[in-house]
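Shown below: query-v2.csv, with CSV, C-alpha atoms.
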```
chain,number,residue,atom,x,y,z
A,1,MET,CA,-20.8,-3.6,35.5
A,2,ASP,CA,-23.8,-2.0,33.9
A,3,ARG,CA,-23.9,-4.2,30.8
A,4,SER,CA,-26.6,-2.2,29.1
A,5,ALA,CA,-24.2,0.7,28.8
A,6,VAL,CA,-21.5,-1.4,27.0
A,7,THR,CA,-22.8,-0.6,23.5
A,8,ILE,CA,-21.2,-1.5,20.2
A,9,GLU,CA,-21.0,2.2,19.4
A,10,ARG,CA,-18.9,2.9,22.5
A,11,ILE,CA,-16.7,-0.1,22.0
A,12,ARG,CA,-16.0,0.9,18.4
A,13,ALA,CA,-15.1,4.5,19.5
A,14,PHE,CA,-12.8,3.1,22.2
A,15,VAL,CA,-11.0,0.8,19.7
A,16,ARG,CA,-10.4,3.6,17.2
A,17,VAL,CA,-9.1,5.9,19.9
A,18,ALA,CA,-6.8,3.2,21.1
A,19,GLU,CA,-5.5,2.7,17.6
A,20,ARG,CA,-5.2,6.3,16.6
A,21,GLY,CA,-4.2,7.8,19.9
A,22,SER,CA,-6.2,10.9,19.3
A,23,LEU,CA,-9.8,11.9,20.3
A,24,SER,CA,-10.0,14.6,17.7
A,25,ALA,CA,-8.8,12.3,14.9
A,26,VAL,CA,-11.5,9.7,15.8
A,27,ALA,CA,-14.1,12.4,16.0
A,28,ARG,CA,-13.3,13.5,12.5
A,29,GLU,CA,-13.3,9.9,11.3
A,30,LEU,CA,-16.8,9.3,12.9
A,31,ASN,CA,-18.1,12.7,11.8
A,32,VAL,CA,-19.1,13.6,15.4
A,33,GLY,CA,-17.9,16.2,17.8
A,34,GLN,CA,-14.9,15.5,20.1
A,35,SER,CA,-17.2,15.9,23.1
A,36,THR,CA,-19.3,13.0,21.8
A,37,VAL,CA,-16.3,10.7,21.6
A,38,THR,CA,-15.2,11.8,25.1
A,39,ARG,CA,-18.6,11.1,26.5
A,40,GLN,CA,-18.7,7.6,24.8
A,41,LEU,CA,-15.4,6.7,26.4
A,42,GLN,CA,-16.4,8.0,29.8
A,43,GLU,CA,-19.7,6.1,29.7
A,44,LEU,CA,-17.9,2.9,28.7
A,45,GLU,CA,-15.3,3.2,31.5
A,46,ALA,CA,-18.0,3.9,34.0
A,47,ALA,CA,-19.9,0.8,32.8
A,48,ILE,CA,-16.9,-1.4,33.1
A,49,GLY,CA,-15.6,0.2,36.3
A,50,ALA,CA,-12.0,0.7,35.1
A,51,ALA,CA,-10.0,3.4,33.4
A,52,LEU,CA,-9.2,2.2,29.9
A,53,LEU,CA,-7.3,5.2,28.6
A,54,SER,CA,-4.7,7.6,30.0
A,55,ARG,CA,-5.2,11.1,28.6
A,56,THR,CA,-2.6,13.9,28.4
A,57,THR,CA,-2.7,17.1,26.4
A,58,ARG,CA,-0.7,15.5,23.6
A,59,ARG,CA,-1.6,11.8,23.6
A,60,VAL,CA,-4.1,9.2,24.6
A,61,THR,CA,-2.6,5.8,25.6
A,62,LEU,CA,-4.0,2.5,26.9
A,63,THR,CA,-3.9,1.7,30.6
A,64,GLU,CA,-3.0,-1.9,31.5
A,65,GLU,CA,-6.7,-2.7,31.8
A,66,GLY,CA,-7.4,-0.9,28.6
A,67,SER,CA,-4.8,-3.0,26.7
A,68,ARG,CA,-6.5,-6.2,27.9
A,69,TYR,CA,-10.0,-4.8,27.0
A,70,TYR,CA,-8.8,-3.6,23.6
A,71,THR,CA,-7.7,-7.1,22.6
A,72,ARG,CA,-11.1,-8.5,23.4
A,73,ALA,CA,-13.0,-5.6,21.9
A,74,VAL,CA,-11.3,-6.0,18.5
A,75,GLN,CA,-12.3,-9.7,18.6
A,76,ILE,CA,-15.9,-8.8,19.4
A,77,LEU,CA,-16.1,-6.2,16.5
A,78,ARG,CA,-14.5,-8.7,14.1
A,79,LEU,CA,-17.0,-11.5,15.1
A,80,LEU,CA,-19.9,-9.1,14.7
A,81,GLU,CA,-18.8,-8.1,11.2
A,82,GLN,CA,-18.2,-11.8,10.2
A,83,ALA,CA,-21.6,-12.7,11.5
A,84,GLY,CA,-23.1,-9.9,9.4
A,85,ASP,CA,-21.2,-11.2,6.3
A,86,GLU,CA,-22.4,-14.8,7.0
A,87,ALA,CA,-26.0,-13.7,7.4
A,88,LEU,CA,-25.9,-11.7,4.2
A,89,GLY,CA,-24.1,-14.5,2.4
A,90,SER,CA,-27.2,-16.7,2.7
A,91,SER,CA,-29.6,-14.1,1.4
A,92,GLY,CA,-27.7,-11.6,-0.9
A,93,ALA,CA,-24.5,-10.4,-2.5
A,94,PRO,CA,-21.4,-9.4,-0.5
A,95,ALA,CA,-21.6,-5.8,0.7
A,96,GLY,CA,-19.8,-3.2,2.8
A,97,THR,CA,-16.7,-1.0,2.4
A,98,ILE,CA,-13.0,-2.0,2.1
A,99,ARG,CA,-10.3,0.6,2.8
A,100,MET,CA,-7.1,0.1,0.8
A,101,THR,CA,-3.9,2.0,0.0
A,102,CYS,CA,-1.5,1.5,-2.9
A,103,THR,CA,1.8,2.8,-4.2
A,104,ALA,CA,0.7,5.8,-6.2
A,105,SER,CA,2.0,5.2,-9.7
A,106,PHE,CA,1.0,1.5,-9.7
A,107,GLY,CA,-2.4,2.5,-8.4
A,108,VAL,CA,-3.0,5.0,-11.2
A,109,MET,CA,-1.8,2.8,-14.0
A,110,HIS,CA,-2.9,-0.7,-13.0
A,111,ALA,CA,-4.4,-1.3,-9.6
A,112,SER,CA,-7.3,1.1,-10.3
A,113,ARG,CA,-8.2,-1.1,-13.3
A,114,LEU,CA,-8.3,-4.2,-11.1
A,115,ILE,CA,-10.5,-2.4,-8.5
A,116,PHE,CA,-13.0,-1.4,-11.2
A,117,ALA,CA,-13.1,-5.1,-12.4
A,118,PHE,CA,-13.6,-6.2,-8.8
A,119,GLN,CA,-16.5,-3.9,-8.3
A,120,ASP,CA,-18.0,-5.0,-11.6
A,121,ARG,CA,-18.0,-8.5,-10.1
A,122,TYR,CA,-19.2,-7.4,-6.6
A,123,PRO,CA,-21.2,-4.2,-7.2
A,124,GLU,CA,-22.4,-4.0,-3.6
A,125,ILE,CA,-18.8,-3.7,-2.2
A,126,GLY,CA,-17.5,-0.1,-1.8
A,127,ILE,CA,-13.7,0.7,-2.1
A,128,ASP,CA,-12.0,3.6,-0.4
A,129,PHE,CA,-8.8,3.6,-2.5
A,130,GLY,CA,-6.0,5.8,-1.3
A,131,LEU,CA,-2.9,6.4,-3.4
A,132,THR,CA,0.3,7.3,-1.6
A,133,ASP,CA,4.1,6.5,-1.7
A,134,GLN,CA,4.2,7.2,2.1
A,135,ARG,CA,4.1,4.3,4.5
A,136,VAL,CA,0.6,4.2,6.1
A,137,ASP,CA,0.0,2.7,9.5
A,138,LEU,CA,-2.9,0.5,8.5
A,139,VAL,CA,-4.2,-0.1,12.0
A,140,ARG,CA,-3.9,3.5,13.1
A,141,GLU,CA,-5.6,4.8,9.9
A,142,GLY,CA,-8.3,2.1,9.8
A,143,VAL,CA,-7.1,0.6,6.5
A,144,ASP,CA,-7.8,-3.0,5.7
A,145,LEU,CA,-4.9,-3.8,3.3
A,146,ALA,CA,-2.2,-2.2,1.2
A,147,LEU,CA,-0.4,-2.9,-2.0
A,148,ARG,CA,3.3,-2.0,-1.8
A,149,LEU,CA,6.4,-2.3,-3.9
A,150,ALA,CA,9.3,-3.0,-1.6
A,151,PRO,CA,10.7,-5.7,0.6
A,152,LEU,CA,8.7,-5.6,3.8
A,153,THR,CA,9.1,-7.0,7.3
A,154,GLU,CA,6.1,-5.6,9.3
A,155,SER,CA,5.7,-8.5,11.7
A,156,SER,CA,2.3,-7.3,13.1
A,157,LEU,CA,0.6,-7.6,9.7
A,158,LYS,CA,-0.1,-10.5,7.4
A,159,LEU,CA,2.2,-10.4,4.3
A,160,ARG,CA,1.3,-11.9,0.9
A,161,THR,CA,3.8,-11.6,-1.9
A,162,LEU,CA,1.8,-11.3,-5.1
A,163,GLY,CA,4.7,-11.4,-7.5
A,164,GLN,CA,8.0,-9.8,-8.6
A,165,SER,CA,8.0,-6.5,-10.5
A,166,GLN,CA,10.6,-6.7,-13.3
A,167,ARG,CA,12.7,-3.6,-14.0
A,168,LEU,CA,14.7,-2.4,-17.0
A,169,ILE,CA,16.7,0.6,-18.2
A,170,ALA,CA,15.0,2.8,-20.8
A,171,ALA,CA,15.2,6.1,-22.6
A,172,SER,CA,13.5,7.9,-25.5
A,173,PRO,CA,14.8,7.6,-29.1
A,174,ASP,CA,15.4,11.4,-29.1
A,175,TYR,CA,17.7,11.1,-26.0
A,176,LEU,CA,19.6,8.2,-27.5
A,177,ALA,CA,20.0,10.0,-30.9
A,178,ALA,CA,21.4,13.0,-29.1
A,179,HIS,CA,23.7,11.3,-26.5
A,180,GLY,CA,24.4,7.9,-27.8
A,181,ARG,CA,23.3,4.4,-26.7
A,182,PRO,CA,25.1,2.8,-23.7
A,183,MET,CA,26.7,-0.5,-24.7
A,184,THR,CA,27.8,-1.6,-21.3
A,185,PRO,CA,26.6,-0.8,-17.7
A,186,GLN,CA,29.7,1.3,-17.1
A,187,ASP,CA,28.6,3.6,-20.0
A,188,LEU,CA,25.7,4.7,-17.9
A,189,SER,CA,27.9,6.8,-15.6
A,190,ARG,CA,28.5,9.2,-18.6
A,191,HIS,CA,24.7,9.7,-19.1
A,192,GLN,CA,22.0,11.8,-17.5
A,193,GLY,CA,20.1,9.7,-15.1
A,194,ILE,CA,16.5,10.3,-13.9
A,195,ARG,CA,16.6,9.2,-10.3
A,196,MET,CA,13.8,8.4,-7.8
A,197,VAL,CA,14.7,10.2,-4.5
A,198,ASN,CA,12.4,8.0,-2.5
A,199,VAL,CA,14.0,4.8,-3.6
A,200,ALA,CA,17.0,3.7,-1.4
A,201,GLY,CA,20.2,3.2,-3.4
A,202,SER,CA,19.0,4.8,-6.6
A,203,ASP,CA,22.4,6.4,-7.0
A,204,MET,CA,24.0,3.0,-7.6
A,205,LEU,CA,22.6,0.4,-10.0
A,206,THR,CA,23.3,-3.3,-9.7
A,207,PHE,CA,23.1,-5.5,-12.8
A,208,GLU,CA,23.5,-9.2,-13.3
A,209,GLY,CA,25.2,-9.8,-16.6
A,210,PRO,CA,24.8,-12.5,-19.3
A,211,GLY,CA,27.3,-14.7,-17.5
A,212,GLN,CA,25.7,-14.0,-14.1
A,213,GLU,CA,28.5,-11.6,-13.3
A,214,ILE,CA,27.5,-8.6,-11.1
A,215,HIS,CA,28.1,-5.0,-12.1
A,216,ARG,CA,27.7,-2.0,-9.8
A,217,VAL,CA,27.5,1.3,-11.6
A,218,PRO,CA,27.2,4.9,-10.1
A,219,PHE,CA,24.0,6.5,-11.5
A,220,GLY,CA,23.5,10.3,-11.3
A,221,GLY,CA,21.9,13.2,-13.2
A,222,ARG,CA,20.4,16.6,-12.9
A,223,LEU,CA,16.8,15.4,-12.4
A,224,ARG,CA,15.5,13.7,-9.3
A,225,VAL,CA,11.8,13.0,-8.8
A,226,ASP,CA,9.7,11.4,-6.1
A,227,HIS,CA,6.9,10.0,-8.2
A,228,GLY,CA,6.9,7.3,-10.9
A,229,LEU,CA,4.6,9.2,-13.2
A,230,ALA,CA,7.0,12.2,-13.2
A,231,ALA,CA,9.9,9.8,-14.1
A,232,ARG,CA,7.7,8.5,-16.9
A,233,GLU,CA,7.1,12.0,-18.3
A,234,ALA,CA,10.8,12.9,-18.0
A,235,MET,CA,11.8,9.8,-20.1
A,236,ILE,CA,9.2,10.7,-22.7
A,237,ALA,CA,10.6,14.3,-22.8
A,238,GLY,CA,14.1,13.0,-23.4
A,239,ARG,CA,15.5,14.2,-20.1
A,240,GLY,CA,17.6,11.1,-19.6
A,241,ILE,CA,17.8,7.4,-18.8
A,242,ALA,CA,15.9,5.8,-16.0
A,243,ALA,CA,15.8,2.5,-14.2
A,244,THR,CA,12.1,1.8,-14.2
A,245,HIS,CA,9.4,-0.9,-13.6
A,246,ARG,CA,8.2,-2.5,-16.8
A,247,TRP,CA,4.6,-1.9,-15.8
A,248,LEU,CA,5.3,1.8,-15.8
A,249,VAL,CA,6.5,2.0,-19.4
A,250,ASP,CA,5.3,-1.2,-21.2
A,251,ASP,CA,2.9,0.8,-23.3
A,252,LEU,CA,5.5,3.3,-24.3
A,253,LEU,CA,8.0,0.5,-25.2
A,254,ALA,CA,5.3,-1.1,-27.4
A,255,ALA,CA,4.6,2.2,-29.1
A,256,GLY,CA,8.3,3.0,-29.8
A,257,ARG,CA,8.2,6.1,-27.6
A,258,LEU,CA,10.8,4.5,-25.3
A,259,GLU,CA,13.5,2.0,-26.0
A,260,ALA,CA,15.0,-0.6,-23.6
A,261,ILE,CA,18.7,-0.3,-23.0
A,262,LEU,CA,21.1,-3.1,-22.2
A,263,PRO,CA,18.4,-5.8,-22.3
A,264,GLU,CA,21.0,-8.6,-21.7
A,265,TYR,CA,21.7,-7.1,-18.2
A,266,ARG,CA,19.2,-7.7,-15.5
A,267,LEU,CA,18.2,-5.4,-12.7
A,268,PRO,CA,17.0,-7.1,-9.5
A,269,PRO,CA,13.2,-7.3,-9.4
A,270,VAL,CA,11.1,-5.7,-6.6
A,271,PRO,CA,8.5,-7.7,-4.7
A,272,LEU,CA,4.9,-6.6,-4.9
A,273,ASN,CA,3.4,-7.3,-1.5
A,274,LEU,CA,-0.1,-7.3,-0.1
A,275,LEU,CA,-0.2,-6.2,3.5
A,276,ILE,CA,-3.3,-7.2,5.5
A,277,VAL,CA,-4.5,-6.2,9.0
A,278,PRO,CA,-4.9,-9.6,10.7
A,279,GLU,CA,-8.2,-8.7,12.3
A,280,ARG,CA,-9.6,-7.8,8.9
A,281,ALA,CA,-8.4,-10.8,7.0
A,282,GLY,CA,-11.4,-12.9,8.0
A,283,ILE,CA,-14.0,-10.5,6.8
A,284,ALA,CA,-15.7,-12.0,3.7
A,285,ARG,CA,-15.5,-8.9,1.4
A,286,VAL,CA,-11.8,-8.4,2.3
A,287,ARG,CA,-11.1,-12.1,1.6
A,288,LEU,CA,-12.8,-11.7,-1.8
A,289,LEU,CA,-10.6,-8.8,-2.7
A,290,ILE,CA,-7.4,-10.6,-1.6
A,291,ASP,CA,-8.4,-13.6,-3.7
A,292,PHE,CA,-9.2,-11.4,-6.7
A,293,LEU,CA,-5.9,-9.6,-6.6
A,294,VAL,CA,-4.0,-12.9,-6.4
A,295,GLU,CA,-6.0,-14.1,-9.4
A,296,GLN,CA,-5.6,-11.0,-11.5
A,297,ILE,CA,-2.3,-9.5,-10.6
A,298,ARG,CA,-0.3,-11.4,-13.3
A,299,THR,CA,-2.3,-9.5,-16.0
A,300,VAL,CA,-0.2,-6.5,-15.1
A,301,PRO,CA,2.8,-6.2,-17.5
A,302,GLY,CA,6.1,-7.1,-15.8
A,303,ILE,CA,4.6,-8.8,-12.7
A,304,GLU,CA,5.9,-12.3,-12.6
```
Translate the structure of the given file into structure tokens.
Amino acid sequence: MDRSAVTIERIRAFVRVAERGSLSAVARELNVGQSTVTRQLQELEAAIGAALLSRTTRRVTLTEEGSRYYTRAVQILRLLEQAGDEALGSSGAPAGTIRMTCTASFGVMHASRLIFAFQDRYPEIGIDFGLTDQRVDLVREGVDLALRLAPLTESSLKLRTLGQSQRLIAASPDYLAAHGRPMTPQDLSRHQGIRMVNVAGSDMLTFEGPGQEIHRVPFGGRLRVDHGLAAREAMIAGRGIAATHRWLVDDLLAAGRLEAILPEYRLPPVPLNLLIVPERAGIARVRLLIDFLVEQIRTVPGIE
């Protein structure tokens, strides 16, 4: 093995190609030509003396040797980054960039505020903050952590439940004046519902009543949306009744622009989870952000 040819740059390119399965995607990520990435991989394989990747016209996959090398390569890159953090920690403030994704509406209304406060505390740490309701493959996309509202079971990632997001039924005073106020869960079936199409089971609401009895009520309507902020605007405009997270409408409830309906009936809360790539969890700046979110998340209305 020509050890001098096994450079960090080539190892990093190999790791990202292994994770993304695409030379062109990694070239765009690294802001270099695809030929540069190809050359780096070829030089690394030549130095090691083994084929690490199997290339087809559609996909790049790991060979058996490549799979073993990938495991060690990730450990090497993590140790290097940790060493840099430790060296910096003795002489200066935490620095570097964290890549994070978040459920879109929650990110706009609350998580962004937390990110601003975190950067005020640690001004040398950069945040690449992506907002999406789509599931992101954190490893493949090079993301460190994600805030998501939903029960999650991804076994390859570290999972930290930050709290439970409380939900309620709400509508505008104008809608209630025009259509009447539901007095029981069953009354909802006669009203216009604003439904989230990307939430499983949104056509059937489940309530726990004052005596802990369970009510299941069909929930429909002419308007379906795939974004929480659109549902918020629809409620303000009097388009119907919605099952919503308290953090999405707390300010509107306080201002009287929306009213809570059937407050004695409880909708099941939704867990707010933090997903963390295990190899990134030990990086000092990532740990700082995790600890900050754990500390501050209960300042968000309706997170308990």
*Which of these, A:Leu267, A:Ala171, A:Leu138, A:Leu44, has the shortest distance to Ser202 (chain A) once you count all atoms listed in the file?*
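Going through A:Leu267, A:Ala171, A:Leu138, A:Leu44 one by one, the smallest distance to Ser202 (chain A) is for A:Leu267.
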*asked:* I need the residue nearest Ile127 (chain A) from this list: A:Ala95, A:Leu62, A:Ile8, A:Leu229. Use only C-alpha atoms for the distance.
replied: A:Ala95
*Point out the residue among A:Phe14, A:Tyr69, A:Phe219, A:Trp247 with the least atom-to-atom distance to Leu272 (chain A), counting all atoms listed in the file.*
A:Trp247
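Of the residues listed (A:Gly142, A:Pro94, A:Pro269, A:Pro278), A:Gly142 shows the shortest atom-to-atom separation from Glu29 (chain A); distances use all atoms listed in the file.
The space separating CA of Gly49 (chain A) from CA of Glu65 (chain A) comes to 10.4 Å.
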*asked:* So, with all atoms listed in the file as the atoms that count, which of A:Ala177, A:Met109, A:Val217, A:Val139 lies closest to His245 (chain A)?
replied: A:Met109
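For Val6 (chain A), the set of protein, DNA and RNA residues having any atom at most 8 Å away, when counting all atoms listed in the file and skipping those fewer than 5 positions along the same chain, is Ile11, Leu44, Ala47 and Ile48 of chain A.
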*State, in Å with one decimal place, the distance from CA of Pro218 (chain A) to CA of Asn198 (chain A).*
16.9 Å
_Would you compute the distance between CA of Leu30 (chain A) and CA of Asp128 (chain A)? Give it in Å to one decimal._
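CA of Leu30 (chain A) sits 15.2 Å away from CA of Asp128 (chain A).
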